[in-house]
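**Student:** Have a look at the structure that comes next, please.
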2 protein chains.
Amino acid sequence: MLRTTLEIDHASTILKLLGDQTRLTIMKLVDDHTCCVCEFVEIFQVSQPSISQHVRKLKDVGLVHEERKGQWVFYSANKENVYYPFVQSIIDQLPSQDQKLKKLEEQGTRISCN
Amino acid sequence: MLRTTLEIDHASTILKLLGDQTRLTIMKLVDDHTCCVCEFVEIFQVSQPSISQHVRKLKDVGLVHEERKGQWVFYSANKENVYYPFVQSIIDQLPSQDQKLKKLEEQGTRISCN
DNA sequence: TGCATATATAGGCATATGCTTATATTATTA
DNA sequence: TAATAATATAAGCATATGCCTATATATGCA
């Protein structure tokens, strides 16, 4: 098995990124969902620029992948990233956050993103 | 197998703590070594109060165990902590930092701590 | 007891972080 | 083209963080 060496300074950078409840939850969600900014705004009850800044940080280190579809921008996990196995090993230990998306569907707030 | 649920807010707190290169390295070292403050000062080339503050944060959440031996205070991983399996899964992916301790031994700086 | 050594705490400071509002950009549609 | 909608960026602000120096506390030993 190929084992990439994870330098400690790179690791601490990733951990710092995940050491924020909003970003950690986003990573957990995009691990098996594709979500748009407006959904995160709804889920976290925070301003749209705040979410934009969080996803930007994740995008800057390449943990998420951005895809524009019309007026929406969708984010998903970039599983090709060198550090993704590390991230995955962490978020795998977290409880599913899918109920947050389900709640949006029930409210009909997720319509825009399908 | 018993599986403790790791709440996402607790997880982000732990990750934030580990999201600092000094603290992450300390955790990696104390995972299989018992170290005193003066060693960390030597290793990280940072002031003694700075190290004291870092280990205090780790101690406050119970990740490290403090033990006074004479005038020295030794720190080791508190593997009884509920979050330790989570921490362990992370630091297990990091390269050994033992060469930092070896270097101290070569310099004779680690004498005090045996 | 007095001095040296190791560590902890207090206080100050520069920078980082996360949020907000205001505004710019990009795409959709009438 | 103009209006609307989604997102990004800019700027400002309050708080957090990590470091330092100065000082307090605790222990060992002459």
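Letters A, B, ... mark the chains of the structure tokens in the order given; residue numbers begin at 1 per chain; ligand numbers begin at 1, in order shown.
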Give me, as a PyMOL selection string, the residues of chain C touching chain A, with the criterion being at most 8 Å (counting only C-alpha atoms (C1' of nucleotides)).
**Tutor:** chain C and resi 18-20+26-28
**Student:** Once you have the residues from the selection above, write them out as a PDB file, in the first residue's frame, restricted to N, CA and C atoms (P, O5', C5', C4', C3', O3' and C1' of nucleotides).
**Tutor:**
```pdb
ATOM      1  P    DG C  18     -11.701  30.879  11.921  1.00  0.00           P
ATOM      2  O5'  DG C  18     -13.051  31.705  12.079  1.00  0.00           O
ATOM      3  C5'  DG C  18     -13.582  31.926  13.372  1.00  0.00           C
ATOM      4  C4'  DG C  18     -14.686  32.960  13.280  1.00  0.00           C
ATOM      5  C3'  DG C  18     -15.634  32.756  12.087  1.00  0.00           C
ATOM      6  O3'  DG C  18     -16.980  32.790  12.556  1.00  0.00           O
ATOM      7  C1'  DG C  18     -14.822  34.973  12.125  1.00  0.00           C
ATOM      8  P    DC C  19     -18.169  32.425  11.609  1.00  0.00           P
ATOM      9  O5'  DC C  19     -18.977  33.803  11.520  1.00  0.00           O
ATOM     10  C5'  DC C  19     -19.496  34.385  12.700  1.00  0.00           C
ATOM     11  C4'  DC C  19     -19.591  35.883  12.554  1.00  0.00           C
ATOM     12  C3'  DC C  19     -20.438  36.362  11.371  1.00  0.00           C
ATOM     13  O3'  DC C  19     -21.804  36.470  11.737  1.00  0.00           O
ATOM     14  C1'  DC C  19     -18.486  37.705  11.697  1.00  0.00           C
ATOM     15  P    DT C  20     -22.905  36.756  10.573  1.00  0.00           P
ATOM     16  O5'  DT C  20     -22.845  38.343  10.415  1.00  0.00           O
ATOM     17  C5'  DT C  20     -23.029  39.192  11.553  1.00  0.00           C
ATOM     18  C4'  DT C  20     -22.689  40.624  11.168  1.00  0.00           C
ATOM     19  C3'  DT C  20     -23.417  41.103   9.918  1.00  0.00           C
ATOM     20  O3'  DT C  20     -24.502  41.942  10.265  1.00  0.00           O
ATOM     21  C1'  DT C  20     -21.080  41.621   9.799  1.00  0.00           C
ATOM     22  P    DT C  26     -17.010  38.543 -13.345  1.00  0.00           P
ATOM     23  O5'  DT C  26     -18.169  37.458 -13.482  1.00  0.00           O
ATOM     24  C5'  DT C  26     -18.295  36.435 -12.492  1.00  0.00           C
ATOM     25  C4'  DT C  26     -19.662  35.809 -12.610  1.00  0.00           C
ATOM     26  C3'  DT C  26     -20.127  35.596 -14.059  1.00  0.00           C
ATOM     27  O3'  DT C  26     -20.363  34.215 -14.242  1.00  0.00           O
ATOM     28  C1'  DT C  26     -21.848  36.534 -12.733  1.00  0.00           C
ATOM     29  P    DA C  27     -20.733  33.611 -15.697  1.00  0.00           P
ATOM     30  O5'  DA C  27     -22.298  33.371 -15.521  1.00  0.00           O
ATOM     31  C5'  DA C  27     -22.738  32.458 -14.529  1.00  0.00           C
ATOM     32  C4'  DA C  27     -24.232  32.535 -14.415  1.00  0.00           C
ATOM     33  C3'  DA C  27     -24.973  32.330 -15.734  1.00  0.00           C
ATOM     34  O3'  DA C  27     -25.940  31.305 -15.531  1.00  0.00           O
ATOM     35  C1'  DA C  27     -25.759  34.270 -14.630  1.00  0.00           C
ATOM     36  P    DT C  28     -26.912  30.871 -16.697  1.00  0.00           P
ATOM     37  O5'  DT C  28     -28.266  31.582 -16.231  1.00  0.00           O
ATOM     38  C5'  DT C  28     -28.808  31.268 -14.947  1.00  0.00           C
ATOM     39  C4'  DT C  28     -30.172  31.926 -14.808  1.00  0.00           C
ATOM     40  C3'  DT C  28     -31.121  31.683 -15.976  1.00  0.00           C
ATOM     41  O3'  DT C  28     -32.379  31.301 -15.439  1.00  0.00           O
ATOM     42  C1'  DT C  28     -30.921  34.021 -15.561  1.00  0.00           C
TER      43       DT C  28
END
```
**Student:** Using only C-alpha atoms (C1' of nucleotides), find the residues of chain D whose closest atom to chain A is at most 12 Å away, then write them as a VMD selection string.
**Tutor:** chain D and resid 4 to 10
**Student:** Per residue of chain B within 8 Å of chain A, which atom pair is closest and at what distance in Å (one decimal), using only C-alpha atoms, listed by chain and increasing number, as CSV?
**Tutor:**
```
residue,atom,partner,partner_atom,distance
B:Thr5,CA,A:Pro95,CA,6.8
B:Leu6,CA,A:Leu94,CA,5.8
B:Glu7,CA,A:Leu94,CA,6.8
B:Ile8,CA,A:Leu94,CA,6.3
B:Asp9,CA,A:Gln21,CA,5.9
B:Ala11,CA,A:Gly19,CA,7.7
B:Ser12,CA,A:Gly19,CA,4.4
B:Thr13,CA,A:Gly19,CA,6.2
B:Ile14,CA,A:Gly19,CA,7.2
B:Leu15,CA,A:Gly19,CA,4.5
B:Lys16,CA,A:Gly19,CA,3.9
B:Leu17,CA,A:Gly19,CA,7.5
B:Leu18,CA,A:Leu15,CA,6.3
B:Gly19,CA,A:Lys16,CA,3.8
B:Asp20,CA,A:Ser12,CA,5.4
B:Gln21,CA,A:Ser12,CA,5.4
B:Leu24,CA,A:Ser12,CA,6.7
B:Thr25,CA,A:Ile8,CA,7.3
B:Phe86,CA,A:Gln93,CA,7.7
B:Ser89,CA,A:Ser89,CA,7.7
B:Ile90,CA,A:Ile90,CA,7.2
B:Gln93,CA,A:Leu6,CA,7.0
B:Leu94,CA,A:Leu6,CA,5.8
B:Pro95,CA,A:Thr5,CA,6.8
```
**Student:** How would the residues just picked look written out with C-alpha atoms as a CSV table (one decimal), in the first residue's frame?
**Tutor:**
```
chain,number,residue,atom,x,y,z
B,5,THR,CA,-20.2,9.1,19.4
B,6,LEU,CA,-18.0,12.0,18.8
B,7,GLU,CA,-20.1,15.1,18.7
B,8,ILE,CA,-19.0,17.5,16.0
B,9,ASP,CA,-18.6,20.4,18.3
B,11,ALA,CA,-14.4,17.2,17.6
B,12,SER,CA,-13.8,20.7,16.3
B,13,THR,CA,-12.5,21.7,19.7
B,14,ILE,CA,-10.0,18.9,19.7
B,15,LEU,CA,-9.0,19.6,16.1
B,16,LYS,CA,-8.5,23.3,16.8
B,17,LEU,CA,-6.2,22.3,19.6
B,18,LEU,CA,-4.2,20.0,17.3
B,19,GLY,CA,-4.3,22.7,14.6
B,20,ASP,CA,-1.1,24.2,15.9
B,21,GLN,CA,2.2,22.8,15.0
B,24,LEU,CA,0.5,18.7,17.5
B,25,THR,CA,4.2,17.8,17.8
B,86,PHE,CA,-9.7,10.3,18.1
B,89,SER,CA,-6.1,8.1,15.0
B,90,ILE,CA,-4.8,11.4,13.9
B,93,GLN,CA,-0.7,9.2,10.6
B,94,LEU,CA,2.1,11.6,11.4
B,95,PRO,CA,5.8,10.8,11.0
```
**Student:** Determine which residues of chain A DSSP labels as strand (DSSP E) from the backbone of this structure, then write them out as a list of chain:residue names.
**Tutor:** A:Cys35, A:Cys36, A:Val64, A:His65, A:Glu66, A:Glu67, A:Arg68, A:Lys69, A:Trp72, A:Val73, A:Phe74, A:Tyr75, A:Ser76, A:Ala77
**Student:** Determine which residues of chain A receive a DSSP assignment of alpha helix (DSSP H), computed from the backbone, and state them as JSON, numbers by chain.
**Tutor:** {"A": [8, 9, 10, 11, 12, 13, 14, 15, 16, 17, 18, 21, 22, 23, 24, 25, 26, 27, 28, 29, 30, 37, 38, 39, 40, 41, 42, 43, 44, 48, 49, 50, 51, 52, 53, 54, 55, 56, 57, 58, 59, 60, 84, 85, 86, 87, 88, 89, 90, 91, 98, 99, 100, 101, 102, 103, 104, 105, 106, 107]}
**Student:** Which residues, written as a list in words, have at least one atom at most 10 Å from DT17 (chain D), with only C-alpha atoms (C1' of nucleotides) counted and residues fewer than 6 positions away on the same chain left out?
**Tutor:** DT15, DA16 and DT17 of chain C
**Student:** Could you please take those selected residues and save N, CA and C atoms (P, O5', C5', C4', C3', O3' and C1' of nucleotides) as an mmCIF file, in the first residue's frame?
**Tutor:**
```cif
data_model
loop_
_atom_site.group_PDB
_atom_site.id
_atom_site.type_symbol
_atom_site.label_atom_id
_atom_site.label_comp_id
_atom_site.auth_asym_id
_atom_site.auth_seq_id
_atom_site.Cartn_x
_atom_site.Cartn_y
_atom_site.Cartn_z
ATOM 1 P P DT C 15 2.204 42.901 13.388
ATOM 2 O "O5'" DT C 15 1.270 41.624 13.218
ATOM 3 C "C5'" DT C 15 1.779 40.336 13.580
ATOM 4 C "C4'" DT C 15 0.643 39.344 13.601
ATOM 5 C "C3'" DT C 15 -0.222 39.331 12.336
ATOM 6 O "O3'" DT C 15 -0.221 37.990 11.870
ATOM 7 C "C1'" DT C 15 -1.575 39.376 14.270
ATOM 8 P P DA C 16 -1.081 37.551 10.574
ATOM 9 O "O5'" DA C 16 -2.254 36.702 11.244
ATOM 10 C "C5'" DA C 16 -1.921 35.750 12.254
ATOM 11 C "C4'" DA C 16 -3.169 34.992 12.657
ATOM 12 C "C3'" DA C 16 -4.082 34.612 11.508
ATOM 13 O "O3'" DA C 16 -4.595 33.322 11.815
ATOM 14 C "C1'" DA C 16 -5.250 36.044 13.009
ATOM 15 P P DT C 17 -5.599 32.577 10.784
ATOM 16 O "O5'" DT C 17 -7.013 32.876 11.448
ATOM 17 C "C5'" DT C 17 -7.235 32.534 12.798
ATOM 18 C "C4'" DT C 17 -8.650 32.922 13.178
ATOM 19 C "C3'" DT C 17 -9.699 32.584 12.127
ATOM 20 O "O3'" DT C 17 -10.674 31.780 12.747
ATOM 21 C "C1'" DT C 17 -9.962 34.812 12.907
#
```
**Student:** C1' of DA3 (chain D) to C1' of DA30 (chain C): how many Å, to one decimal?
**Tutor:** 8.3 Å
**Student:** Calculate how many Å separate CA of Leu29 (chain B) from CA of Asp98 (chain B), rounding to one decimal.
**Tutor:**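 Straight-line distance from CA of Leu29 (chain B) to CA of Asp98 (chain B) works out to 6.9 Å.
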